[in-house]
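J.: mmCIF, C-alpha atoms, saved as input28.cif, coming up:
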data_protein
loop_
_atom_site.label_atom_id
_atom_site.label_comp_id
_atom_site.auth_asym_id
_atom_site.auth_seq_id
_atom_site.Cartn_x
_atom_site.Cartn_y
_atom_site.Cartn_z
CA MET A 8 -7.83 -56.10 108.50
CA ASN A 9 -10.67 -58.59 108.56
CA THR A 10 -10.57 -60.12 105.07
CA SER A 11 -13.37 -62.58 105.85
CA ILE A 12 -15.93 -59.84 105.21
CA LEU A 13 -14.83 -59.87 101.55
CA ASN A 14 -16.74 -63.11 101.06
CA LYS A 15 -19.11 -62.41 98.14
CA SER A 16 -22.23 -63.43 100.05
CA ILE A 17 -21.29 -61.13 102.93
CA GLN A 18 -20.49 -58.26 100.57
CA ASP A 19 -23.84 -58.73 98.83
CA PHE A 20 -25.56 -58.69 102.22
CA ILE A 21 -23.75 -55.49 103.23
CA THR A 22 -24.74 -53.77 99.98
CA LYS A 23 -28.34 -54.96 100.19
CA ASN A 24 -28.72 -53.66 103.75
CA SER A 25 -27.00 -50.36 103.27
CA GLY A 26 -29.25 -47.69 104.76
CA VAL A 27 -31.17 -50.13 106.96
CA SER A 28 -31.39 -49.25 110.65
CA ILE A 29 -28.51 -50.86 112.52
CA SER A 30 -30.61 -51.22 115.69
CA THR A 31 -33.12 -53.23 113.64
CA LEU A 32 -30.46 -55.43 112.06
CA ALA A 33 -28.77 -56.01 115.41
CA LEU A 34 -31.86 -57.90 116.62
CA GLN A 35 -31.61 -60.36 113.75
CA LYS A 36 -29.71 -63.63 113.84
CA ASN A 37 -26.29 -63.48 112.19
CA PRO A 38 -26.64 -65.26 108.80
CA PHE A 39 -22.84 -65.65 108.65
CA PRO A 40 -21.78 -67.28 111.96
CA GLU A 41 -18.18 -67.61 110.75
CA VAL A 42 -17.83 -63.82 111.00
CA GLU A 43 -18.62 -61.67 114.02
CA TRP A 44 -22.02 -60.02 113.59
CA ILE A 45 -20.70 -56.72 114.98
CA SER A 46 -18.07 -56.61 112.20
CA ILE A 47 -20.74 -56.97 109.52
CA LEU A 48 -22.97 -54.39 111.19
CA ASN A 49 -20.05 -51.95 111.36
CA GLN A 50 -19.46 -52.37 107.63
CA ILE A 51 -23.14 -51.72 106.87
CA GLU A 52 -23.20 -48.60 109.07
CA ALA A 53 -19.97 -47.19 107.64
CA LYS A 54 -21.01 -47.91 104.05
CA SER A 55 -24.36 -46.22 104.66
CA LYS A 56 -22.54 -43.09 105.82
CA ALA A 57 -20.33 -43.24 102.71
CA LYS A 58 -23.23 -43.20 100.24
CA ASP A 59 -23.46 -39.42 99.90
CA LYS A 60 -20.11 -38.44 101.37
CA LEU A 61 -17.91 -40.95 99.49
CA PRO A 62 -19.86 -42.13 96.42
CA THR A 63 -16.73 -43.52 94.69
CA TRP A 64 -16.02 -45.82 97.63
CA PHE A 65 -19.72 -46.67 98.00
CA SER A 66 -20.03 -47.76 94.37
CA THR A 67 -16.76 -49.75 94.25
CA GLU A 68 -16.82 -53.46 95.03
CA ASN A 69 -14.87 -55.04 97.91
CA ILE A 70 -14.21 -51.82 99.79
CA ILE A 71 -13.43 -52.37 103.47
CA TYR A 72 -14.49 -49.65 105.89
CA PRO A 73 -12.83 -48.86 109.20
CA SER A 74 -14.85 -47.67 112.18
CA LYS A 75 -17.75 -45.34 111.42
CA ILE A 76 -15.82 -42.58 113.25
CA SER A 77 -13.07 -42.73 110.62
CA VAL A 78 -15.70 -42.29 107.89
CA GLU A 79 -17.36 -39.43 109.80
CA GLN A 80 -14.05 -37.62 110.33
CA THR A 81 -12.66 -38.00 106.82
CA SER A 82 -12.96 -35.37 104.11
CA SER A 83 -15.90 -35.66 101.76
CA GLU A 84 -15.04 -36.36 98.14
CA LYS A 85 -16.18 -32.91 97.10
CA THR A 86 -13.94 -31.08 99.54
CA ALA A 87 -11.05 -33.46 98.85
CA ALA A 88 -11.32 -32.87 95.09
CA TYR A 89 -11.38 -29.10 95.57
CA LYS A 90 -8.41 -29.23 97.93
CA ALA A 91 -6.40 -31.36 95.51
CA SER A 92 -7.04 -28.81 92.75
CA LEU A 93 -5.09 -26.21 94.74
CA ILE A 94 -1.69 -27.92 94.57
CA SER A 95 0.31 -30.20 92.27
CA GLY A 96 3.81 -31.54 91.71
CA ALA A 97 5.94 -34.66 91.54
CA SER A 98 5.62 -35.84 95.14
CA LEU A 99 3.46 -35.34 98.23
CA ILE A 100 3.64 -36.96 101.64
CA ASP A 101 0.54 -37.06 103.83
CA LEU A 102 1.61 -37.20 107.48
CA THR A 103 -1.88 -38.05 108.75
CA GLY A 104 -3.25 -40.40 106.09
CA GLY A 105 -6.41 -41.66 107.80
CA PHE A 106 -8.96 -43.26 105.44
CA GLY A 107 -7.08 -41.85 102.44
CA VAL A 108 -9.79 -39.80 100.73
CA ASP A 109 -7.53 -36.74 100.39
CA ASP A 110 -4.69 -38.88 99.04
CA TYR A 111 -6.97 -40.47 96.45
CA TYR A 112 -7.49 -37.02 94.95
CA PHE A 113 -3.93 -35.82 95.52
CA SER A 114 -2.78 -38.85 93.52
CA LYS A 115 -4.45 -37.36 90.44
CA ASN A 116 -2.22 -34.25 90.65
CA PHE A 117 1.04 -35.84 91.86
CA LYS A 118 3.25 -38.55 90.38
CA VAL A 119 3.85 -40.08 93.81
CA VAL A 120 1.84 -39.83 97.04
CA ALA A 121 3.00 -41.26 100.38
CA HIS A 122 0.30 -42.21 102.91
CA CYS A 123 1.51 -42.29 106.54
CA GLU A 124 -0.81 -43.83 109.11
CA ILE A 125 0.34 -44.97 112.56
CA ASN A 126 -2.67 -47.31 112.88
CA GLU A 127 -1.39 -50.41 111.09
CA ASP A 128 -4.83 -51.91 110.51
CA LEU A 129 -6.14 -48.68 108.98
CA SER A 130 -3.04 -48.41 106.79
CA THR A 131 -3.66 -51.95 105.50
CA ILE A 132 -7.31 -51.19 104.82
CA VAL A 133 -6.45 -48.06 102.80
CA LYS A 134 -3.84 -49.97 100.77
CA HIS A 135 -6.42 -52.66 100.00
CA ASN A 136 -9.04 -50.07 99.03
CA PHE A 137 -6.66 -48.23 96.72
CA GLU A 138 -6.07 -51.50 94.89
CA GLN A 139 -9.84 -51.81 94.41
CA LEU A 140 -9.90 -48.19 93.22
CA GLN A 141 -7.07 -49.03 90.77
CA LEU A 142 -4.58 -46.48 92.09
CA ASP A 143 -0.94 -47.46 91.77
CA ASN A 144 1.05 -44.30 92.55
CA CYS A 145 0.62 -44.33 96.33
CA THR A 146 3.03 -45.84 98.86
CA PHE A 147 2.00 -46.77 102.39
CA TYR A 148 3.84 -46.39 105.69
CA ALA A 149 2.28 -47.92 108.80
CA ASP A 150 4.42 -45.83 111.11
CA ASP A 151 4.65 -42.50 112.88
CA SER A 152 5.13 -39.89 110.15
CA GLU A 153 8.00 -38.29 112.05
CA ASN A 154 9.91 -41.56 111.82
CA VAL A 155 9.13 -41.81 108.11
CA LEU A 156 10.50 -38.33 107.49
CA LYS A 157 13.60 -38.87 109.66
CA ASN A 158 14.44 -42.13 107.90
CA SER A 159 14.09 -40.67 104.40
CA ASN A 160 16.48 -38.47 102.48
CA GLN A 161 13.79 -37.48 99.99
CA LYS A 162 12.82 -33.85 99.49
CA TRP A 163 9.07 -33.68 98.90
CA ASP A 164 7.27 -31.11 96.75
CA TRP A 165 4.51 -30.91 99.35
CA ILE A 166 3.79 -32.03 102.89
CA TYR A 167 0.11 -32.37 103.81
CA ILE A 168 -1.02 -32.49 107.44
CA ASP A 169 -4.45 -32.90 109.02
CA PRO A 170 -3.61 -32.71 112.74
CA SER A 171 -6.10 -34.15 115.21
CA ARG A 172 -6.97 -32.48 118.49
CA ARG A 173 -5.63 -34.24 121.58
CA ASN A 174 -8.21 -35.61 124.00
CA ASP A 175 -6.67 -33.70 126.91
CA ALA A 176 -7.27 -30.41 125.08
CA LYS A 177 -11.04 -30.55 125.51
CA GLY A 178 -12.52 -27.37 126.89
CA LYS A 179 -9.51 -25.27 125.92
CA VAL A 180 -9.33 -22.66 123.19
CA PHE A 181 -8.55 -24.56 120.00
CA MET A 182 -4.90 -24.05 119.03
CA LEU A 183 -2.67 -25.98 116.64
CA LYS A 184 -0.27 -26.72 119.48
CA ASP A 185 -3.11 -28.71 121.09
CA CYS A 186 -3.11 -31.13 118.15
CA LEU A 187 -1.13 -34.17 117.04
CA PRO A 188 1.22 -33.72 115.39
CA ASN A 189 2.19 -30.41 117.00
CA VAL A 190 2.75 -28.50 113.76
CA PRO A 191 4.06 -25.21 115.22
CA ASP A 192 6.82 -27.03 117.10
CA SER A 193 7.71 -29.19 114.07
CA LEU A 194 7.68 -26.56 111.31
CA ASP A 195 11.46 -26.15 111.08
CA PHE A 196 11.88 -29.93 110.84
CA TYR A 197 9.21 -30.11 108.12
CA PHE A 198 10.97 -27.40 106.12
CA GLU A 199 14.04 -29.64 105.98
CA LYS A 200 11.89 -32.10 104.03
CA SER A 201 9.76 -29.74 101.90
CA ASP A 202 9.43 -26.05 101.06
CA SER A 203 5.64 -26.24 100.74
CA ILE A 204 3.20 -27.34 103.43
CA LEU A 205 -0.60 -27.55 103.40
CA ILE A 206 -2.25 -27.76 106.82
CA LYS A 207 -5.90 -28.67 107.22
CA THR A 208 -7.66 -27.62 110.41
CA ALA A 209 -11.16 -27.82 111.81
CA PRO A 210 -13.37 -24.83 110.87
CA LEU A 211 -13.68 -23.70 114.49
CA LEU A 212 -10.01 -22.64 114.53
CA ASP A 213 -9.77 -18.86 114.63
CA ILE A 214 -7.77 -17.57 111.64
CA SER A 215 -5.81 -15.08 113.73
CA ALA A 216 -4.96 -17.84 116.23
CA GLY A 217 -3.61 -20.00 113.42
CA LEU A 218 -1.52 -17.14 112.07
CA SER A 219 -0.10 -16.48 115.53
CA GLU A 220 1.29 -20.01 115.64
CA LEU A 221 2.54 -20.33 112.06
CA LYS A 222 5.01 -18.53 109.79
CA PHE A 223 5.46 -18.05 106.04
CA VAL A 224 1.70 -18.33 105.36
CA LYS A 225 0.90 -17.42 101.75
CA ASN A 226 -2.75 -18.43 101.35
CA ILE A 227 -5.59 -19.31 103.70
CA HIS A 228 -8.36 -21.36 102.06
CA ILE A 229 -11.82 -21.58 103.63
CA ILE A 230 -13.88 -24.42 102.14
CA ALA A 231 -17.62 -24.75 102.70
CA LEU A 232 -19.91 -27.48 101.39
CA GLU A 233 -23.54 -26.50 100.81
CA ASN A 234 -22.93 -23.37 102.92
CA GLU A 235 -21.41 -25.21 105.90
CA VAL A 236 -17.72 -24.49 106.53
CA LYS A 237 -15.87 -27.81 106.55
CA GLU A 238 -12.17 -27.00 106.32
CA LEU A 239 -9.64 -24.29 106.94
CA LEU A 240 -6.36 -24.68 105.01
CA PHE A 241 -3.11 -22.87 105.71
CA GLU A 242 -0.80 -22.91 102.70
CA ILE A 243 2.81 -22.30 103.78
CA HIS A 244 5.91 -21.71 101.64
CA ASN A 245 9.35 -21.59 103.22
CA HIS A 246 10.64 -18.00 103.67
CA TYR A 247 7.51 -16.46 102.08
CA SER A 248 7.05 -12.86 103.22
CA GLY A 249 4.43 -11.28 100.91
CA ASN A 250 0.72 -10.56 101.33
CA ILE A 251 -1.53 -13.25 102.74
CA MET A 252 -4.49 -14.08 100.51
CA ILE A 253 -7.79 -15.28 101.92
CA LYS A 254 -9.51 -17.57 99.39
CA THR A 255 -13.06 -18.72 100.07
CA ALA A 256 -15.03 -21.43 98.31
CA ASN A 257 -18.60 -22.60 98.84
CA ILE A 258 -19.16 -25.87 96.95
CA LEU A 259 -22.78 -26.21 95.80
CA LYS A 260 -24.51 -28.89 93.74
CA ASP A 261 -24.24 -27.00 90.46
CA LYS A 262 -21.41 -24.50 91.04
CA THR A 263 -18.70 -23.30 93.39
CA GLU A 264 -18.89 -19.76 94.74
CA THR A 265 -15.46 -18.20 95.20
CA PHE A 266 -14.22 -14.93 96.64
CA GLU A 267 -10.74 -13.80 97.65
CA PHE A 268 -9.02 -10.77 99.11
CA VAL A 269 -5.75 -9.65 100.67
CA LEU A 270 -5.75 -10.06 104.44
CA GLY A 271 -5.39 -6.74 106.24
CA ASP A 272 -5.67 -4.64 103.07
CA ASP A 273 -6.36 -1.04 104.08
CA ILE A 274 -8.05 0.00 100.84
CA ALA A 275 -11.44 -1.52 101.69
CA TYR A 276 -13.73 1.39 102.52
CA PRO A 277 -17.34 0.17 102.41
CA SER A 278 -20.33 2.38 101.76
CA TYR A 279 -23.41 2.36 104.01
CA HIS A 280 -27.04 2.79 103.06
CA LEU A 281 -30.54 2.25 104.37
CA PRO A 282 -32.25 -0.84 102.89
CA GLN A 283 -32.75 -0.62 99.13
CA GLN A 284 -34.57 -3.01 96.78
CA TYR A 285 -32.31 -6.04 97.22
CA LEU A 286 -30.65 -7.71 100.19
CA TYR A 287 -27.58 -9.95 100.16
CA GLU A 288 -26.28 -12.42 102.75
CA ALA A 289 -22.75 -13.72 102.15
CA ASN A 290 -22.13 -17.48 102.24
CA SER A 291 -20.60 -19.17 105.27
CA SER A 292 -17.04 -19.31 103.88
CA ILE A 293 -17.02 -15.52 103.45
CA MET A 294 -18.55 -15.05 106.90
CA LYS A 295 -15.74 -17.17 108.35
CA SER A 296 -13.14 -15.10 106.45
CA GLY A 297 -14.14 -11.83 108.09
CA GLY A 298 -13.90 -10.03 104.72
CA PHE A 299 -17.12 -8.10 105.24
CA ASP A 300 -15.86 -4.71 104.05
CA GLU A 301 -14.03 -6.29 101.10
CA VAL A 302 -17.33 -7.78 99.88
CA SER A 303 -18.97 -4.34 99.88
CA VAL A 304 -16.13 -2.76 97.91
CA PHE A 305 -15.64 -5.61 95.40
CA PHE A 306 -19.31 -5.97 94.48
CA ASP A 307 -20.05 -2.24 94.77
CA ILE A 308 -22.95 -2.79 97.16
CA ASN A 309 -23.78 -1.08 100.44
CA LYS A 310 -23.58 -2.36 103.98
CA LEU A 311 -26.56 -1.81 106.28
CA HIS A 312 -24.33 -1.23 109.31
CA LYS A 313 -20.70 -1.70 110.27
CA HIS A 314 -21.52 -4.81 112.32
CA SER A 315 -24.63 -6.17 110.56
CA HIS A 316 -22.77 -7.86 107.65
CA LEU A 317 -25.77 -7.62 105.35
CA TYR A 318 -25.66 -5.80 102.01
CA THR A 319 -28.14 -3.91 99.87
CA SER A 320 -28.47 -2.37 96.41
CA ASP A 321 -31.04 -1.08 93.93
CA ARG A 322 -29.78 -3.34 91.14
CA LEU A 323 -29.67 -7.14 91.29
CA ILE A 324 -26.19 -8.67 90.99
CA ASP A 325 -24.62 -12.13 90.99
CA PHE A 326 -23.45 -12.73 94.53
CA PRO A 327 -21.68 -15.52 96.49
CA GLY A 328 -24.51 -16.14 98.91
CA ARG A 329 -28.25 -15.70 99.25
CA ARG A 330 -30.18 -12.93 97.49
CA PHE A 331 -33.53 -11.48 98.48
CA GLU A 332 -36.00 -8.87 97.28
CA ILE A 333 -37.09 -6.61 100.13
CA GLU A 334 -40.86 -6.33 100.25
CA LYS A 335 -41.15 -4.21 103.38
CA VAL A 336 -38.98 -2.60 106.05
CA ILE A 337 -40.54 -2.13 109.48
CA SER A 338 -39.19 -0.82 112.77
CA TYR A 339 -38.86 -3.35 115.54
CA SER A 340 -41.77 -2.07 117.59
CA LYS A 341 -44.75 -3.70 119.25
CA THR A 342 -47.22 -1.97 116.93
CA GLU A 343 -45.53 -2.94 113.67
CA MET A 344 -44.66 -6.46 114.80
CA LYS A 345 -48.27 -7.13 115.79
CA THR A 346 -49.50 -5.81 112.46
CA GLU A 347 -47.00 -7.58 110.20
CA LEU A 348 -45.65 -10.73 111.83
CA LEU A 349 -47.70 -11.85 114.84
CA ASN A 350 -48.82 -15.49 114.31
CA GLN A 351 -47.23 -15.56 110.83
CA GLN A 352 -44.97 -18.20 109.25
CA ALA A 353 -41.49 -17.07 108.27
CA ASN A 354 -37.79 -17.96 108.17
CA VAL A 355 -36.11 -15.80 110.82
CA THR A 356 -32.47 -14.64 110.81
CA THR A 357 -30.76 -12.20 113.17
CA ARG A 358 -27.69 -10.09 112.34
CA ASN A 359 -26.36 -7.54 114.83
CA PHE A 360 -29.57 -7.75 116.84
CA PRO A 361 -30.03 -7.91 120.65
CA ASP A 362 -32.44 -10.87 120.71
CA THR A 363 -32.19 -14.50 119.59
CA VAL A 364 -34.18 -16.24 116.87
CA GLU A 365 -35.72 -18.53 119.49
CA ASN A 366 -36.92 -15.64 121.64
CA ILE A 367 -38.27 -13.71 118.65
CA ARG A 368 -40.28 -16.73 117.49
CA LYS A 369 -41.67 -17.31 120.97
CA LYS A 370 -42.51 -13.66 121.65
CA TRP A 371 -44.31 -13.05 118.36
CA LYS A 372 -45.57 -16.62 117.78
CA ILE A 373 -43.81 -16.91 114.42
CA LYS A 374 -43.95 -20.41 112.94
CA ASN A 375 -40.86 -21.67 111.10
CA GLY A 376 -40.75 -22.13 107.32
CA GLY A 377 -42.66 -20.79 104.38
CA ASN A 378 -41.61 -18.40 101.61
CA LEU A 379 -41.17 -15.33 103.79
CA TYR A 380 -37.70 -14.41 105.07
CA CYS A 381 -37.35 -11.93 107.92
CA PHE A 382 -34.01 -10.38 108.86
CA PHE A 383 -33.91 -8.76 112.29
CA THR A 384 -30.97 -6.37 112.20
CA THR A 385 -29.64 -2.85 112.81
CA ASP A 386 -29.40 -0.16 110.14
CA LYS A 387 -26.71 2.47 109.63
CA ASN A 388 -28.55 4.87 111.97
CA ASP A 389 -28.48 2.24 114.77
CA ASN A 390 -32.21 1.62 114.49
CA LYS A 391 -33.53 -1.90 115.10
CA ILE A 392 -35.41 -2.97 111.97
CA VAL A 393 -36.99 -6.00 110.34
CA LEU A 394 -36.55 -6.68 106.62
CA ILE A 395 -39.41 -8.75 105.20
CA CYS A 396 -38.15 -10.43 102.04
CA ARG A 397 -38.71 -13.02 99.33
CA LYS A 398 -35.80 -15.22 98.32
CA ILE A 399 -34.48 -14.88 94.75
CA ILE A 400 -33.64 -18.30 93.29
#
Would you write the structure of this file as structure tokens?
T.:
Amino acid sequence: MNTSILNKSIQDFITKNSGVSISTLALQKNPFPEVEWISILNQIEAKSKAKDKLPTWFSTENIIYPSKISVEQTSSEKTAAYKASLISGASLIDLTGGFGVDDYYFSKNFKVVAHCEINEDLSTIVKHNFEQLQLDNCTFYADDSENVLKNSNQKWDWIYIDPSRRNDAKGKVFMLKDCLPNVPDSLDFYFEKSDSILIKTAPLLDISAGLSELKFVKNIHIIALENEVKELLFEIHNHYSGNIMIKTANILKDKTETFEFVLGDDIAYPSYHLPQQYLYEANSSIMKSGGFDEVSVFFDINKLHKHSHLYTSDRLIDFPGRRFEIEKVISYSKTEMKTELLNQQANVTTRNFPDTVENIRKKWKIKNGGNLYCFFTTDKNDNKIVLICRKII
């Protein structure tokens, strides 16, 4: 850890230049020749990235940042806080500590948190930062987490793991066995140390693929931030054998949209209908969950088609996603497209439709943006249609 960058003048310079183009700063002469210019520039770039993602770190004095990649790969504060709200207890060990954002929030729900990080310099940085953040219930291990577990007799309330994909796995189908640590191979060992495990994976992991590699899964959490899926969490309890719950959350500026259902429940029989007055598009966490029929049944709204994953009703309801009022429904034909949308400005979305947004825009010269929303989709009678809508705020 480079403590020389904690010099007050350097820290003031870093704060003052946060958000300034690094390529512009790089052309300037280093005002602090006793410290490498690249080290100062790295701090400015990383702190700039932390402004929105990690506001607590950004606003705290004397924080040291690792490489910008570590900041880019870490959880945002909003997702970390939501994740920490899911579990609690006396003790938690994080096997893949990283920059420590998750552990900062876990420490609010656990008496003791252990941060394991094999990169000694990163471990030292996180320990220093936690002192600045005035956290005193976290212990730090600059070692391989497997060694930490083997050398400890402690039984933990929770194990948390955020495995990283191995470089040699590029181009392959994403599986947990392609990550470090290899969780599927280590599960039995982990259960010797804890009965409860929370595994964070990248959102591109297929849920069924994760389930094929794991056992005793109780809950699967899908977390989106501003309608972009950020994390997939597998919550595992030793010897659990009941239903698996899918729990979705879309964290917005002023609220969090949630929806949950039992995976594989056979009681979800959706109803189908031609477009009615209102149209609904589920948020990204629900789309990732695959609970399309469950949405129709729970909210008592109709699906347009088995594979379209759009919903409609004649009454307006609260809904975890976007809502629209349908102004017009047209068939996808040359005559109607020329009359209604040729050379117009609109936001275009496709659902269960044979053409891409890019091709549709090019073919009909539709400019992007504006207040009009057009859904190109298929109705319950397998007709290709366009729903011309206005968004309901």
J.: Ranking A:Arg330, A:Lys75, A:His316, A:Lys118 by minimum distance to Ser95 in chain A and counting only C-alpha atoms, which one comes first?
T.: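 For Ser95 in chain A, the nearest of the candidates is A:Lys118.
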J.: For the structure provided, state which residues fall under the PyMOL selection byres ((chain A and resi 286) around 12), and present them as a PDB file with C-alpha atoms, in the frame of the given file.
T.:
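Writing done, so here's part.pdb:
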ATOM      1  CA  HIS A 280     -27.040   2.790 103.060  1.00  0.00           C
ATOM      2  CA  LEU A 281     -30.540   2.250 104.370  1.00  0.00           C
ATOM      3  CA  PRO A 282     -32.250  -0.840 102.890  1.00  0.00           C
ATOM      4  CA  GLN A 283     -32.750  -0.620  99.130  1.00  0.00           C
ATOM      5  CA  GLN A 284     -34.570  -3.010  96.780  1.00  0.00           C
ATOM      6  CA  TYR A 285     -32.310  -6.040  97.220  1.00  0.00           C
ATOM      7  CA  TYR A 287     -27.580  -9.950 100.160  1.00  0.00           C
ATOM      8  CA  GLU A 288     -26.280 -12.420 102.750  1.00  0.00           C
ATOM      9  CA  ALA A 289     -22.750 -13.720 102.150  1.00  0.00           C
ATOM     10  CA  ILE A 308     -22.950  -2.790  97.160  1.00  0.00           C
ATOM     11  CA  ASN A 309     -23.780  -1.080 100.440  1.00  0.00           C
ATOM     12  CA  LYS A 310     -23.580  -2.360 103.980  1.00  0.00           C
ATOM     13  CA  LEU A 311     -26.560  -1.810 106.280  1.00  0.00           C
ATOM     14  CA  HIS A 316     -22.770  -7.860 107.650  1.00  0.00           C
ATOM     15  CA  LEU A 317     -25.770  -7.620 105.350  1.00  0.00           C
ATOM     16  CA  TYR A 318     -25.660  -5.800 102.010  1.00  0.00           C
ATOM     17  CA  THR A 319     -28.140  -3.910  99.870  1.00  0.00           C
ATOM     18  CA  SER A 320     -28.470  -2.370  96.410  1.00  0.00           C
ATOM     19  CA  ASP A 321     -31.040  -1.080  93.930  1.00  0.00           C
ATOM     20  CA  ARG A 322     -29.780  -3.340  91.140  1.00  0.00           C
ATOM     21  CA  LEU A 323     -29.670  -7.140  91.290  1.00  0.00           C
ATOM     22  CA  ILE A 324     -26.190  -8.670  90.990  1.00  0.00           C
ATOM     23  CA  ASP A 325     -24.620 -12.130  90.990  1.00  0.00           C
ATOM     24  CA  PHE A 326     -23.450 -12.730  94.530  1.00  0.00           C
ATOM     25  CA  GLY A 328     -24.510 -16.140  98.910  1.00  0.00           C
ATOM     26  CA  ARG A 329     -28.250 -15.700  99.250  1.00  0.00           C
ATOM     27  CA  ARG A 330     -30.180 -12.930  97.490  1.00  0.00           C
ATOM     28  CA  PHE A 331     -33.530 -11.480  98.480  1.00  0.00           C
ATOM     29  CA  GLU A 332     -36.000  -8.870  97.280  1.00  0.00           C
ATOM     30  CA  ILE A 333     -37.090  -6.610 100.130  1.00  0.00           C
ATOM     31  CA  GLU A 334     -40.860  -6.330 100.250  1.00  0.00           C
ATOM     32  CA  LYS A 335     -41.150  -4.210 103.380  1.00  0.00           C
ATOM     33  CA  VAL A 336     -38.980  -2.600 106.050  1.00  0.00           C
ATOM     34  CA  TYR A 380     -37.700 -14.410 105.070  1.00  0.00           C
ATOM     35  CA  CYS A 381     -37.350 -11.930 107.920  1.00  0.00           C
ATOM     36  CA  PHE A 382     -34.010 -10.380 108.860  1.00  0.00           C
ATOM     37  CA  LEU A 394     -36.550  -6.680 106.620  1.00  0.00           C
ATOM     38  CA  ILE A 395     -39.410  -8.750 105.200  1.00  0.00           C
ATOM     39  CA  CYS A 396     -38.150 -10.430 102.040  1.00  0.00           C
ATOM     40  CA  ARG A 397     -38.710 -13.020  99.330  1.00  0.00           C
ATOM     41  CA  LYS A 398     -35.800 -15.220  98.320  1.00  0.00           C
ATOM     42  CA  ILE A 399     -34.480 -14.880  94.750  1.00  0.00           C
TER      43      ILE A 399
END
J.: I need the output of the PyMOL selection byres ((chain A and resi 241-248) around 12) for this file as a CSV table (one decimal) with C-alpha atoms, in the frame of the given file; which residues are they?
T.:
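Written out: part.csv:
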chain,number,residue,atom,x,y,z
A,90,LYS,CA,-8.4,-29.2,97.9
A,93,LEU,CA,-5.1,-26.2,94.7
A,94,ILE,CA,-1.7,-27.9,94.6
A,164,ASP,CA,7.3,-31.1,96.8
A,165,TRP,CA,4.5,-30.9,99.4
A,166,ILE,CA,3.8,-32.0,102.9
A,167,TYR,CA,0.1,-32.4,103.8
A,168,ILE,CA,-1.0,-32.5,107.4
A,169,ASP,CA,-4.4,-32.9,109.0
A,183,LEU,CA,-2.7,-26.0,116.6
A,190,VAL,CA,2.8,-28.5,113.8
A,191,PRO,CA,4.1,-25.2,115.2
A,194,LEU,CA,7.7,-26.6,111.3
A,195,ASP,CA,11.5,-26.2,111.1
A,196,PHE,CA,11.9,-29.9,110.8
A,197,TYR,CA,9.2,-30.1,108.1
A,198,PHE,CA,11.0,-27.4,106.1
A,199,GLU,CA,14.0,-29.6,106.0
A,200,LYS,CA,11.9,-32.1,104.0
A,201,SER,CA,9.8,-29.7,101.9
A,202,ASP,CA,9.4,-26.0,101.1
A,203,SER,CA,5.6,-26.2,100.7
A,204,ILE,CA,3.2,-27.3,103.4
A,205,LEU,CA,-0.6,-27.6,103.4
A,206,ILE,CA,-2.2,-27.8,106.8
A,207,LYS,CA,-5.9,-28.7,107.2
A,208,THR,CA,-7.7,-27.6,110.4
A,209,ALA,CA,-11.2,-27.8,111.8
A,210,PRO,CA,-13.4,-24.8,110.9
A,212,LEU,CA,-10.0,-22.6,114.5
A,213,ASP,CA,-9.8,-18.9,114.6
A,214,ILE,CA,-7.8,-17.6,111.6
A,215,SER,CA,-5.8,-15.1,113.7
A,216,ALA,CA,-5.0,-17.8,116.2
A,217,GLY,CA,-3.6,-20.0,113.4
A,218,LEU,CA,-1.5,-17.1,112.1
A,220,GLU,CA,1.3,-20.0,115.6
A,221,LEU,CA,2.5,-20.3,112.1
A,222,LYS,CA,5.0,-18.5,109.8
A,223,PHE,CA,5.5,-18.0,106.0
A,224,VAL,CA,1.7,-18.3,105.4
A,225,LYS,CA,0.9,-17.4,101.8
A,226,ASN,CA,-2.8,-18.4,101.4
A,227,ILE,CA,-5.6,-19.3,103.7
A,228,HIS,CA,-8.4,-21.4,102.1
A,229,ILE,CA,-11.8,-21.6,103.6
A,230,ILE,CA,-13.9,-24.4,102.1
A,238,GLU,CA,-12.2,-27.0,106.3
A,239,LEU,CA,-9.6,-24.3,106.9
A,240,LEU,CA,-6.4,-24.7,105.0
A,249,GLY,CA,4.4,-11.3,100.9
A,250,ASN,CA,0.7,-10.6,101.3
A,251,ILE,CA,-1.5,-13.2,102.7
A,252,MET,CA,-4.5,-14.1,100.5
A,253,ILE,CA,-7.8,-15.3,101.9
A,254,LYS,CA,-9.5,-17.6,99.4
J.: Calculate how many Å separate CA of Cys123 in chain A from CA of Gln18 in chain A, rounding to one decimal.
T.: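 We find that CA of Cys123 in chain A and CA of Gln18 in chain A lie 27.8 Å from each other.
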J.: Could you pull the residues within 10 Å of range 34-44 of chain A, counting only C-alpha atoms, minus those fewer than 6 positions along the same chain, as a VMD selection string?
T.: chain A and resid 9 11 to 12 16 to 17 20
J.: Using only C-alpha atoms, what does the table of range 61-115 of chain A residues within 10 Å of range 132-150 of chain A look like, with each row giving the shortest atom pair and its distance in Å to one decimal, sorted by chain and ascending number, as CSV?
T.:
residue,atom,partner,partner_atom,distance
A:Thr63,CA,A:Leu140,CA,8.4
A:Trp64,CA,A:Leu140,CA,7.9
A:Thr67,CA,A:Leu140,CA,7.1
A:Glu68,CA,A:Gln139,CA,7.2
A:Asn69,CA,A:Gln139,CA,6.9
A:Ile70,CA,A:Asn136,CA,5.5
A:Ile71,CA,A:Ile132,CA,6.4
A:Tyr72,CA,A:Ile132,CA,7.4
A:Pro73,CA,A:Ile132,CA,7.4
A:Ser98,CA,A:Cys145,CA,9.9
A:Leu99,CA,A:Cys145,CA,9.6
A:Ile100,CA,A:Thr146,CA,9.3
A:Asp101,CA,A:Phe147,CA,9.9
A:Leu102,CA,A:Tyr148,CA,9.6
A:Gly104,CA,A:Val133,CA,8.9
A:Gly105,CA,A:Val133,CA,8.1
A:Phe106,CA,A:Val133,CA,6.0
A:Gly107,CA,A:Val133,CA,6.3
A:Val108,CA,A:Val133,CA,9.1
A:Asp110,CA,A:Cys145,CA,8.1
A:Tyr111,CA,A:Phe137,CA,7.8
A:Phe113,CA,A:Cys145,CA,9.7
A:Ser114,CA,A:Asn144,CA,6.7
A:Lys115,CA,A:Asn144,CA,9.1
